[in-house]
Amino acid sequence: MPVVNYASREITCKIVYYGPGRSGKTSNLQYIHHRVPVDRRGDMMSLATHGDRTLFFDFLPLDLGTISGFTTRFQLYTVPGQVYYRSTRRLVLQGADGVVFVADSQRRQLDENIESYRDLHEALAEQGIPAREMPLVLQYNKQDLPPELVCLPDELERQLNFRSVPSFSADALGGTGVFETLRRASELVLRRLSSPAVAVR
Amino acid sequence: MLDGRYRFESFVTGPSNRLAVSAATAVAESPGKVYQPLFLYGESGLGKTHLLGAIGFQVLQLDRRFTVQYRSGNDFVEQLRLALTRGDLHAWRREWEGIRVLLLDDIQFLEGHAEAQAELLRLIDQAQANAGQVVLASDRPPAELDGFDQRLLSRMSGGLIVDIAAPEFETRLGILWLWRTVRVLDVDDAALDELARPDVESVRELLGMLNKLAVQRSLQPGTPAAGAARVVAAQAREELANAPDEFENFLNEVTAVVTSSVEQWRARLASTVARWAGEGYVTESLERFLEGAEPPDIDAVESQFAAAVNQLRDLEQEAARLDPRLAGVSVFRDPARLDEARSIVMRALAAYDPPPGPAEHLTIDRFASGARNQLAIRAAGEVIALPGSRYNPLFIHGPQSSGKTHLAHAVANSLRERDGGAWTVAVVDAGALGDELIEALRTGSLERWRMRYRAVDALVIDNIHRIGGSDRLQDEFFQLFNTFAEAGRQVVLTADAPPSRLAAMASRLQTRFESGLVVEIGRVSEEEAVARHTPVSLGDEAASPTIDAWFEDAVDGESRRRPFIDSSGIDSFFLDPEKVITEWPGLDGRVVEDPR
């Protein structure tokens, strides 16, 4: 739920990039990081060390300035995609206002995509969040790879997008589709500001 | 894991990468002997990974006994983490220590991973000791790597650091020719020439354009390649032109969504808050409305706030004029503290530009008591003892020259001595008050005029009947009077008639005058008038306490002697055109007033 703090006139949105390992989540954030003016972004950071375990995720704060009188901030996170980071993913997903699911378009990664997408829904269910209420955007990354290596967007739509959420083809390394994905996710999140259920501090 | 596709032969060399290729070739031909370590950096998609792979391939081509390992920074960190989790650090180290040529890509991902950095530092040191070779690649030079151990940064900078820049036209063309061959594409040179023209910054983008052209050609086989290439190139140029605006576009869209999603009244109020906060004003009073569920009357809220800000600005200006140290005091930035700001300015006015006070010589000691003014004197004493609480206002009326002005000044002088002389008391004739008001209106300093009088602890207005007929002056006095009454501050008024008989006086003032104590200074008797040899006719406005005092003094002797007024200190009071000042002979220079 996007947080609107009327007292301090702040809107804060947390968007989590979810997906299987090496699907390009960090590349999305890196591309955004490079494209955002220095004065609008904080340092992109990976948070680590929690006791003897490693919490491994990326965090990119964006300050979009004052919009309609509200200081608007976005917090972009990635989750670690590897299977064994299940608990970390749940931790990062807590309090998310929207999710970008980054699928690896490589054909050989299809099962990992499906597994990770299922994992996302399980994680939401565990946190008591109805999946249909969570703003979600799919990104089919690595579409720049040779056609023989990747599933085309239509096929990925059939395999993953049973909820018919907005989806985008992307090449996160080159930047294609990165901002389109973020824009759509942001729009879905911010549209909820007018929802009566919006969190107000 | 080495990718066999990455070889020097398939790497197109140009001015942008020639040094990097040269260094990589040297390292591949003589691992551990030339540059230790070799550090390659450049933006994503410029060929760093390719060169690492080419080094590994070439080393193995030259001597297959070499152990070569290619890893990304992410893999390095993860594998170390797993080893630590399993308690297999020694096994992990044995595995990595056996590597003769270590090719580590994207080492920026080691940022903040102290253990991984320590292990890499150990591996570099070991490679140096054992003629091994380490080649590192990153998206930025060592100096720009944050969260890295200084010793590791120092080691990484100790060999050769080479950057790979974006390919220029010839290199881009060479890459496209090479890939046409590799992918066996039916694209002529003219088409590749078109594709190479946009200044793309990444080889991946370039290959993406080639892929796009190939797909279009496969869908429309008859299309001339050069024409299709021009279209693809134009799209690329457009994307390049738009690329710097990606964030702006994103921002514009977010702005539109926020604007349409936030309730309009909140957006407007928040913008108002942002504006005033930006000017340094405290906006808590506005922010409270933002937290409410229902929209307030925005126009009224905003105009009230703006009016308060304007008043604060005027007050600050006035305060700074009186005392420059008061400029910029925080109270002048908080509309919620407007009263406090007024109070500061009023104090400053009282200190630096006080309203007229009482004539110093018109003290209660010098006021001659007589049979006709006992009640007034007693009331004055009560007011002096308990200002603001006993008789407020004290309204003294009597005929001209009856001593009411002296008594009023005397009360003011006594009050001024309270709290060790800290009290400020304004004493002004109502006629002068009217003149001041006209001047304040003319010069736009009305608020200052008001505050000047509101600042004092007690207010004495002589001849209040003179505000009769002036609605504006009565309005102002009404406000002034209420301020004093509400604050429990003493007001003393004199007039030539009781409140109910004041001509052209608003009833709201008359009733207020009567709300305290109305006392009359009585007339002198005929006998007293005769005894004083003054031309006073019975029933006329001729009674003079000062004359009475002189008379009684003369009759009763020295014990009752009261000095009148020292002629050396003639006050404006005596210059009143309504009065006649007379130097009486034989009175040791004393001046007395005598009715005209």
# chains A, B, ... in the order shown; residues from 1 in each chain; ligands from 1
>>> select_by_dssp(residues="range 215-438 of chain B", states="strand (DSSP E or B)", output="compact mmCIF listing (two decimals) with N, CA and C atoms, in the first residue's frame")
# COMPACT_ATOMS: atom_id res chain seq x y z
N LEU B 394 -11.55 53.98 35.16
CA LEU B 394 -11.88 55.07 36.08
C LEU B 394 -12.21 56.27 35.21
N PHE B 395 -13.42 56.72 35.35
CA PHE B 395 -13.91 57.82 34.50
C PHE B 395 -14.09 59.05 35.39
N ILE B 396 -13.26 60.07 35.18
CA ILE B 396 -13.31 61.28 36.00
C ILE B 396 -13.89 62.40 35.15
N HIS B 397 -14.97 62.96 35.62
CA HIS B 397 -15.53 64.07 34.85
C HIS B 397 -15.74 65.26 35.76
N VAL B 425 3.12 53.68 30.92
CA VAL B 425 1.77 54.24 30.96
C VAL B 425 1.67 55.34 29.91
N ALA B 426 0.68 55.21 29.06
CA ALA B 426 0.46 56.22 28.02
C ALA B 426 -0.54 57.25 28.54
N VAL B 427 -0.22 58.49 28.35
CA VAL B 427 -1.15 59.56 28.70
C VAL B 427 -1.25 60.48 27.50
N VAL B 428 -2.44 60.61 26.98
CA VAL B 428 -2.59 61.42 25.78
C VAL B 428 -3.95 62.10 25.78
N ASP B 429 -3.95 63.27 25.24
CA ASP B 429 -5.21 63.98 25.09
C ASP B 429 -5.96 63.37 23.90
>>> interface_residues(of="chain B", to="chain A", cutoff="6 Å", atoms="only C-alpha atoms", output="ChimeraX atom specification")
/B:208,247,250,255,259,261-262,267,270-271,274,287,290-291
>>> write_last_selection(atoms="C-alpha atoms", output="PDB file, in the first residue's frame")
ATOM      1  CA  GLY B 208      19.923  -5.868 -31.460  1.00  0.00           C
ATOM      2  CA  PHE B 247      13.598   9.550 -16.581  1.00  0.00           C
ATOM      3  CA  PHE B 250       8.799   8.594 -16.238  1.00  0.00           C
ATOM      4  CA  THR B 255       3.354  13.453 -11.815  1.00  0.00           C
ATOM      5  CA  THR B 259      -1.987  14.689  -9.523  1.00  0.00           C
ATOM      6  CA  SER B 261      -4.952  10.331  -7.766  1.00  0.00           C
ATOM      7  CA  VAL B 262      -4.448  12.587  -4.787  1.00  0.00           C
ATOM      8  CA  ALA B 267      -2.978  18.464  -3.636  1.00  0.00           C
ATOM      9  CA  ALA B 270      -0.080  20.458  -0.039  1.00  0.00           C
ATOM     10  CA  SER B 271       1.175  22.741  -2.786  1.00  0.00           C
ATOM     11  CA  ALA B 274       5.173  23.455   0.034  1.00  0.00           C
ATOM     12  CA  GLU B 287      -0.799  20.659   7.653  1.00  0.00           C
ATOM     13  CA  LEU B 290      -4.174  17.860   5.395  1.00  0.00           C
ATOM     14  CA  GLU B 291      -4.474  15.214   8.042  1.00  0.00           C
TER      15      GLU B 291
END
>>> select_by_dssp(residues="range 118-201 of chain B", states="alpha helix (DSSP H)", output="ChimeraX atom specification")
/B:118-129,150-156,169-183,189-196
>>> closest_residue(among="A:Ala131, A:Ala103, A:Leu136, A:Ala123", to="Leu91 in chain A", atoms="only C-alpha atoms")
A:Ala123
>>> atom_distance(atom1="CA of Leu160 in chain A", atom2="CA of Phe101 in chain A")
10.1 Å
>>> residues_around(residues="range 8-20 of chain B", least_positions_apart="5", cutoff="7 Å", atoms="only C-alpha atoms", output="VMD selection string")
chain B and resid 54 162 to 168 171 174 to 175
>>> residues_around(residues="Val16 in chain A", least_positions_apart="5", cutoff="6 Å", atoms="only C-alpha atoms", output="JSON list (two decimals) with N, CA and C atoms, in the first residue's frame")
[["chain", "number", "residue", "atom", "x", "y", "z"],
["A", 76, "LEU", "N", 13.06, 0.96, -4.82],
["A", 76, "LEU", "CA", 13.09, -0.21, -5.68],
["A", 76, "LEU", "C", 13.97, -1.29, -5.05],
["A", 77, "TYR", "N", 13.43, -2.48, -4.96],
["A", 77, "TYR", "CA", 14.18, -3.59, -4.38],
["A", 77, "TYR", "C", 14.25, -4.73, -5.39],
["A", 78, "THR", "N", 15.28, -5.53, -5.27],
["A", 78, "THR", "CA", 15.26, -6.82, -5.96],
["A", 78, "THR", "C", 15.30, -7.90, -4.90],
["A", 99, "VAL", "N", 4.77, -5.08, -7.59],
["A", 99, "VAL", "CA", 5.78, -6.08, -7.94],
["A", 99, "VAL", "C", 6.01, -6.08, -9.44]]
>>> residues_around(residues="Asp188 in chain B", least_positions_apart="4", cutoff="10 Å", atoms="only C-alpha atoms", output="PDB file with C-alpha atoms, in the first residue's frame")
ATOM      1  CA  TRP B 177      30.334  -7.323 -40.837  1.00  0.00           C
ATOM      2  CA  ARG B 180      26.755 -10.927 -40.687  1.00  0.00           C
ATOM      3  CA  LEU B 192      25.263  -2.468 -42.539  1.00  0.00           C
ATOM      4  CA  ASP B 193      26.629   0.971 -43.253  1.00  0.00           C
ATOM      5  CA  PRO B 224      15.687  -3.970 -49.931  1.00  0.00           C
ATOM      6  CA  ALA B 225      18.046  -4.434 -47.020  1.00  0.00           C
ATOM      7  CA  ALA B 226      19.388  -0.888 -47.146  1.00  0.00           C
ATOM      8  CA  ALA B 229      18.301  -0.766 -42.360  1.00  0.00           C
TER       9      ALA B 229
END
>>> atom_distance(atom1="CA of Phe148 in chain B", atom2="CA of Glu119 in chain B")
12.5 Å
>>> atom_distance(atom1="CA of Leu145 in chain B", atom2="CA of Met44 in chain A")
12.2 Å
>>> residues_around(residues="Arg41 in chain A", least_positions_apart="6", cutoff="7 Å", atoms="only C-alpha atoms", output="PyMOL selection string")
chain A and resi 61-63
>>> write_last_selection(atoms="N, CA and C atoms", output="short mmCIF file (atom, residue, chain, number, x, y, z; two decimals), in the first residue's frame")
data_model
loop_
_atom_site.label_atom_id
_atom_site.label_comp_id
_atom_site.auth_asym_id
_atom_site.auth_seq_id
_atom_site.Cartn_x
_atom_site.Cartn_y
_atom_site.Cartn_z
N PRO A 61 16.91 3.82 -3.91
CA PRO A 61 15.92 4.86 -3.58
C PRO A 61 15.89 5.95 -4.66
N LEU A 62 14.69 6.34 -5.03
CA LEU A 62 14.53 7.41 -6.03
C LEU A 62 13.73 8.54 -5.40
N ASP A 63 14.22 9.74 -5.54
CA ASP A 63 13.50 10.91 -5.05
C ASP A 63 12.94 11.64 -6.26
#
>>> residues_around(residues="range 84-87 of chain A", least_positions_apart="3", cutoff="9 Å", atoms="only C-alpha atoms", output="VMD selection string")
chain A and resid 55 to 56 79 to 81 90 to 92 119 123
>>> closest_residue(among="B:Glu360, B:Glu263, B:Asp435, B:Glu43", to="Ala408 in chain B", atoms="only C-alpha atoms")
B:Glu360
>>> decode(residues="range 118-264 of chain B", atoms="C-alpha atoms", output="PDB file, in the first residue's frame")
ATOM      1  CA  ALA B 118      39.436 -10.679   1.509  1.00  0.00           C
ATOM      2  CA  GLU B 119      39.512 -13.943  -0.439  1.00  0.00           C
ATOM      3  CA  LEU B 120      40.094 -12.111  -3.713  1.00  0.00           C
ATOM      4  CA  LEU B 121      42.912 -10.139  -2.135  1.00  0.00           C
ATOM      5  CA  ARG B 122      44.438 -13.410  -1.003  1.00  0.00           C
ATOM      6  CA  LEU B 123      44.091 -14.896  -4.496  1.00  0.00           C
ATOM      7  CA  ILE B 124      45.749 -11.873  -6.127  1.00  0.00           C
ATOM      8  CA  ASP B 125      48.630 -12.022  -3.665  1.00  0.00           C
ATOM      9  CA  GLN B 126      48.990 -15.706  -4.290  1.00  0.00           C
ATOM     10  CA  ALA B 127      48.931 -15.244  -8.062  1.00  0.00           C
ATOM     11  CA  GLN B 128      51.677 -12.679  -7.786  1.00  0.00           C
ATOM     12  CA  ALA B 129      53.757 -15.040  -5.703  1.00  0.00           C
ATOM     13  CA  ASN B 130      53.211 -18.048  -7.939  1.00  0.00           C
ATOM     14  CA  ALA B 131      53.341 -16.458 -11.399  1.00  0.00           C
ATOM     15  CA  GLY B 132      49.614 -16.816 -11.772  1.00  0.00           C
ATOM     16  CA  GLN B 133      47.439 -14.324 -13.612  1.00  0.00           C
ATOM     17  CA  VAL B 134      44.387 -12.431 -12.443  1.00  0.00           C
ATOM     18  CA  VAL B 135      42.241 -10.467 -14.891  1.00  0.00           C
ATOM     19  CA  LEU B 136      39.418  -8.381 -13.480  1.00  0.00           C
ATOM     20  CA  ALA B 137      36.567  -6.609 -15.233  1.00  0.00           C
ATOM     21  CA  SER B 138      34.181  -3.992 -13.877  1.00  0.00           C
ATOM     22  CA  ASP B 139      31.773  -1.333 -15.035  1.00  0.00           C
ATOM     23  CA  ARG B 140      33.930   1.351 -13.395  1.00  0.00           C
ATOM     24  CA  PRO B 141      37.590   1.900 -12.529  1.00  0.00           C
ATOM     25  CA  PRO B 142      38.938   0.885  -9.098  1.00  0.00           C
ATOM     26  CA  ALA B 143      38.874   4.485  -7.874  1.00  0.00           C
ATOM     27  CA  GLU B 144      35.113   4.577  -8.304  1.00  0.00           C
ATOM     28  CA  LEU B 145      34.360   1.279  -6.606  1.00  0.00           C
ATOM     29  CA  ASP B 146      32.549   1.948  -3.355  1.00  0.00           C
ATOM     30  CA  GLY B 147      32.518  -0.389  -0.407  1.00  0.00           C
ATOM     31  CA  PHE B 148      35.858  -2.005  -1.255  1.00  0.00           C
ATOM     32  CA  ASP B 149      38.754  -2.712   1.029  1.00  0.00           C
ATOM     33  CA  GLN B 150      41.542  -0.210   0.402  1.00  0.00           C
ATOM     34  CA  ARG B 151      44.170  -2.952   0.248  1.00  0.00           C
ATOM     35  CA  LEU B 152      42.209  -4.695  -2.486  1.00  0.00           C
ATOM     36  CA  LEU B 153      41.762  -1.440  -4.395  1.00  0.00           C
ATOM     37  CA  SER B 154      45.474  -0.861  -4.121  1.00  0.00           C
ATOM     38  CA  ARG B 155      46.252  -4.343  -5.488  1.00  0.00           C
ATOM     39  CA  MET B 156      43.774  -3.901  -8.325  1.00  0.00           C
ATOM     40  CA  SER B 157      45.408  -0.626  -9.274  1.00  0.00           C
ATOM     41  CA  GLY B 158      48.894  -2.119  -9.109  1.00  0.00           C
ATOM     42  CA  GLY B 159      48.843  -3.761 -12.519  1.00  0.00           C
ATOM     43  CA  LEU B 160      47.351  -2.232 -15.626  1.00  0.00           C
ATOM     44  CA  ILE B 161      43.977  -0.484 -15.740  1.00  0.00           C
ATOM     45  CA  VAL B 162      42.458  -0.161 -19.197  1.00  0.00           C
ATOM     46  CA  ASP B 163      39.098   1.160 -20.221  1.00  0.00           C
ATOM     47  CA  ILE B 164      36.935   0.125 -23.136  1.00  0.00           C
ATOM     48  CA  ALA B 165      34.964   2.955 -24.695  1.00  0.00           C
ATOM     49  CA  ALA B 166      31.874   2.897 -26.887  1.00  0.00           C
ATOM     50  CA  PRO B 167      32.693   1.773 -30.416  1.00  0.00           C
ATOM     51  CA  GLU B 168      33.056   4.438 -33.088  1.00  0.00           C
ATOM     52  CA  PHE B 169      31.587   4.105 -36.578  1.00  0.00           C
ATOM     53  CA  GLU B 170      34.348   1.962 -38.096  1.00  0.00           C
ATOM     54  CA  THR B 171      34.354  -0.424 -35.177  1.00  0.00           C
ATOM     55  CA  ARG B 172      30.584  -0.664 -35.266  1.00  0.00           C
ATOM     56  CA  LEU B 173      30.739  -1.428 -38.971  1.00  0.00           C
ATOM     57  CA  GLY B 174      33.406  -4.052 -38.393  1.00  0.00           C
ATOM     58  CA  ILE B 175      31.277  -5.682 -35.691  1.00  0.00           C
ATOM     59  CA  LEU B 176      28.289  -5.780 -38.008  1.00  0.00           C
ATOM     60  CA  TRP B 177      30.334  -7.323 -40.837  1.00  0.00           C
ATOM     61  CA  LEU B 178      31.634  -9.965 -38.473  1.00  0.00           C
ATOM     62  CA  TRP B 179      28.172 -10.814 -37.198  1.00  0.00           C
ATOM     63  CA  ARG B 180      26.755 -10.927 -40.687  1.00  0.00           C
ATOM     64  CA  THR B 181      29.264 -13.659 -41.355  1.00  0.00           C
ATOM     65  CA  VAL B 182      28.700 -15.493 -38.085  1.00  0.00           C
ATOM     66  CA  ARG B 183      24.916 -15.394 -38.384  1.00  0.00           C
ATOM     67  CA  VAL B 184      25.015 -15.947 -42.165  1.00  0.00           C
ATOM     68  CA  LEU B 185      22.692 -13.034 -42.820  1.00  0.00           C
ATOM     69  CA  ASP B 186      21.642 -11.839 -46.228  1.00  0.00           C
ATOM     70  CA  VAL B 187      22.367  -8.152 -45.626  1.00  0.00           C
ATOM     71  CA  ASP B 188      24.453  -6.080 -47.988  1.00  0.00           C
ATOM     72  CA  ASP B 189      27.209  -3.656 -47.057  1.00  0.00           C
ATOM     73  CA  ALA B 190      25.050  -0.609 -47.668  1.00  0.00           C
ATOM     74  CA  ALA B 191      22.546  -1.848 -45.102  1.00  0.00           C
ATOM     75  CA  LEU B 192      25.263  -2.468 -42.539  1.00  0.00           C
ATOM     76  CA  ASP B 193      26.629   0.971 -43.253  1.00  0.00           C
ATOM     77  CA  GLU B 194      23.214   2.417 -42.395  1.00  0.00           C
ATOM     78  CA  LEU B 195      22.989   0.372 -39.222  1.00  0.00           C
ATOM     79  CA  ALA B 196      26.430   1.488 -38.056  1.00  0.00           C
ATOM     80  CA  ARG B 197      25.630   5.178 -38.286  1.00  0.00           C
ATOM     81  CA  PRO B 198      23.663   5.758 -35.050  1.00  0.00           C
ATOM     82  CA  ASP B 199      26.010   6.405 -32.125  1.00  0.00           C
ATOM     83  CA  VAL B 200      24.842   3.492 -30.029  1.00  0.00           C
ATOM     84  CA  GLU B 201      26.859   3.052 -26.866  1.00  0.00           C
ATOM     85  CA  SER B 202      26.694  -0.699 -26.591  1.00  0.00           C
ATOM     86  CA  VAL B 203      27.630  -3.565 -28.870  1.00  0.00           C
ATOM     87  CA  ARG B 204      24.505  -5.313 -27.644  1.00  0.00           C
ATOM     88  CA  GLU B 205      22.367  -2.493 -28.963  1.00  0.00           C
ATOM     89  CA  LEU B 206      24.151  -2.765 -32.268  1.00  0.00           C
ATOM     90  CA  LEU B 207      23.509  -6.490 -32.469  1.00  0.00           C
ATOM     91  CA  GLY B 208      19.923  -5.868 -31.460  1.00  0.00           C
ATOM     92  CA  MET B 209      19.563  -3.595 -34.473  1.00  0.00           C
ATOM     93  CA  LEU B 210      21.064  -6.278 -36.683  1.00  0.00           C
ATOM     94  CA  ASN B 211      18.619  -8.819 -35.248  1.00  0.00           C
ATOM     95  CA  LYS B 212      15.738  -6.463 -35.881  1.00  0.00           C
ATOM     96  CA  LEU B 213      16.832  -5.992 -39.460  1.00  0.00           C
ATOM     97  CA  ALA B 214      17.148  -9.749 -39.927  1.00  0.00           C
ATOM     98  CA  VAL B 215      13.641 -10.332 -38.553  1.00  0.00           C
ATOM     99  CA  GLN B 216      12.147  -7.665 -40.825  1.00  0.00           C
ATOM    100  CA  ARG B 217      13.922  -9.152 -43.811  1.00  0.00           C
ATOM    101  CA  SER B 218      12.599 -12.608 -42.936  1.00  0.00           C
ATOM    102  CA  LEU B 219       9.041 -11.280 -42.654  1.00  0.00           C
ATOM    103  CA  GLN B 220       9.282  -9.244 -45.885  1.00  0.00           C
ATOM    104  CA  PRO B 221      11.820 -11.031 -48.061  1.00  0.00           C
ATOM    105  CA  GLY B 222      11.460  -8.634 -50.963  1.00  0.00           C
ATOM    106  CA  THR B 223      12.347  -5.534 -48.993  1.00  0.00           C
ATOM    107  CA  PRO B 224      15.687  -3.970 -49.931  1.00  0.00           C
ATOM    108  CA  ALA B 225      18.046  -4.434 -47.020  1.00  0.00           C
ATOM    109  CA  ALA B 226      19.388  -0.888 -47.146  1.00  0.00           C
ATOM    110  CA  GLY B 227      15.907   0.609 -46.892  1.00  0.00           C
ATOM    111  CA  ALA B 228      14.972  -1.575 -43.963  1.00  0.00           C
ATOM    112  CA  ALA B 229      18.301  -0.766 -42.360  1.00  0.00           C
ATOM    113  CA  ARG B 230      17.596   2.942 -42.666  1.00  0.00           C
ATOM    114  CA  VAL B 231      14.309   2.390 -40.852  1.00  0.00           C
ATOM    115  CA  VAL B 232      15.978   0.410 -38.077  1.00  0.00           C
ATOM    116  CA  ALA B 233      18.748   3.008 -37.838  1.00  0.00           C
ATOM    117  CA  ALA B 234      16.195   5.804 -37.664  1.00  0.00           C
ATOM    118  CA  GLN B 235      14.412   4.002 -34.852  1.00  0.00           C
ATOM    119  CA  ALA B 236      17.705   3.588 -33.056  1.00  0.00           C
ATOM    120  CA  ARG B 237      18.472   7.275 -33.463  1.00  0.00           C
ATOM    121  CA  GLU B 238      15.059   8.132 -32.142  1.00  0.00           C
ATOM    122  CA  GLU B 239      15.593   5.864 -29.174  1.00  0.00           C
ATOM    123  CA  LEU B 240      18.977   7.450 -28.603  1.00  0.00           C
ATOM    124  CA  ALA B 241      17.462  10.884 -28.783  1.00  0.00           C
ATOM    125  CA  ASN B 242      14.802   9.862 -26.355  1.00  0.00           C
ATOM    126  CA  ALA B 243      17.094   7.940 -24.064  1.00  0.00           C
ATOM    127  CA  PRO B 244      18.176  10.898 -21.924  1.00  0.00           C
ATOM    128  CA  ASP B 245      14.522  11.746 -21.431  1.00  0.00           C
ATOM    129  CA  GLU B 246      13.535   8.357 -20.128  1.00  0.00           C
ATOM    130  CA  PHE B 247      13.598   9.550 -16.581  1.00  0.00           C
ATOM    131  CA  GLU B 248      11.831  12.792 -17.458  1.00  0.00           C
ATOM    132  CA  ASN B 249       9.111  10.834 -19.239  1.00  0.00           C
ATOM    133  CA  PHE B 250       8.799   8.594 -16.238  1.00  0.00           C
ATOM    134  CA  LEU B 251       8.646  11.590 -13.944  1.00  0.00           C
ATOM    135  CA  ASN B 252       6.023  13.290 -16.073  1.00  0.00           C
ATOM    136  CA  GLU B 253       3.876  10.216 -16.009  1.00  0.00           C
ATOM    137  CA  VAL B 254       4.217   9.783 -12.276  1.00  0.00           C
ATOM    138  CA  THR B 255       3.354  13.453 -11.815  1.00  0.00           C
ATOM    139  CA  ALA B 256       0.228  13.051 -13.884  1.00  0.00           C
ATOM    140  CA  VAL B 257      -0.846   9.989 -11.951  1.00  0.00           C
ATOM    141  CA  VAL B 258      -0.185  11.525  -8.547  1.00  0.00           C
ATOM    142  CA  THR B 259      -1.987  14.689  -9.523  1.00  0.00           C
ATOM    143  CA  SER B 260      -5.022  12.784 -10.641  1.00  0.00           C
ATOM    144  CA  SER B 261      -4.952  10.331  -7.766  1.00  0.00           C
ATOM    145  CA  VAL B 262      -4.448  12.587  -4.787  1.00  0.00           C
ATOM    146  CA  GLU B 263      -7.650  14.350  -3.788  1.00  0.00           C
ATOM    147  CA  GLN B 264      -7.575  17.737  -5.420  1.00  0.00           C
TER     148      GLN B 264
END
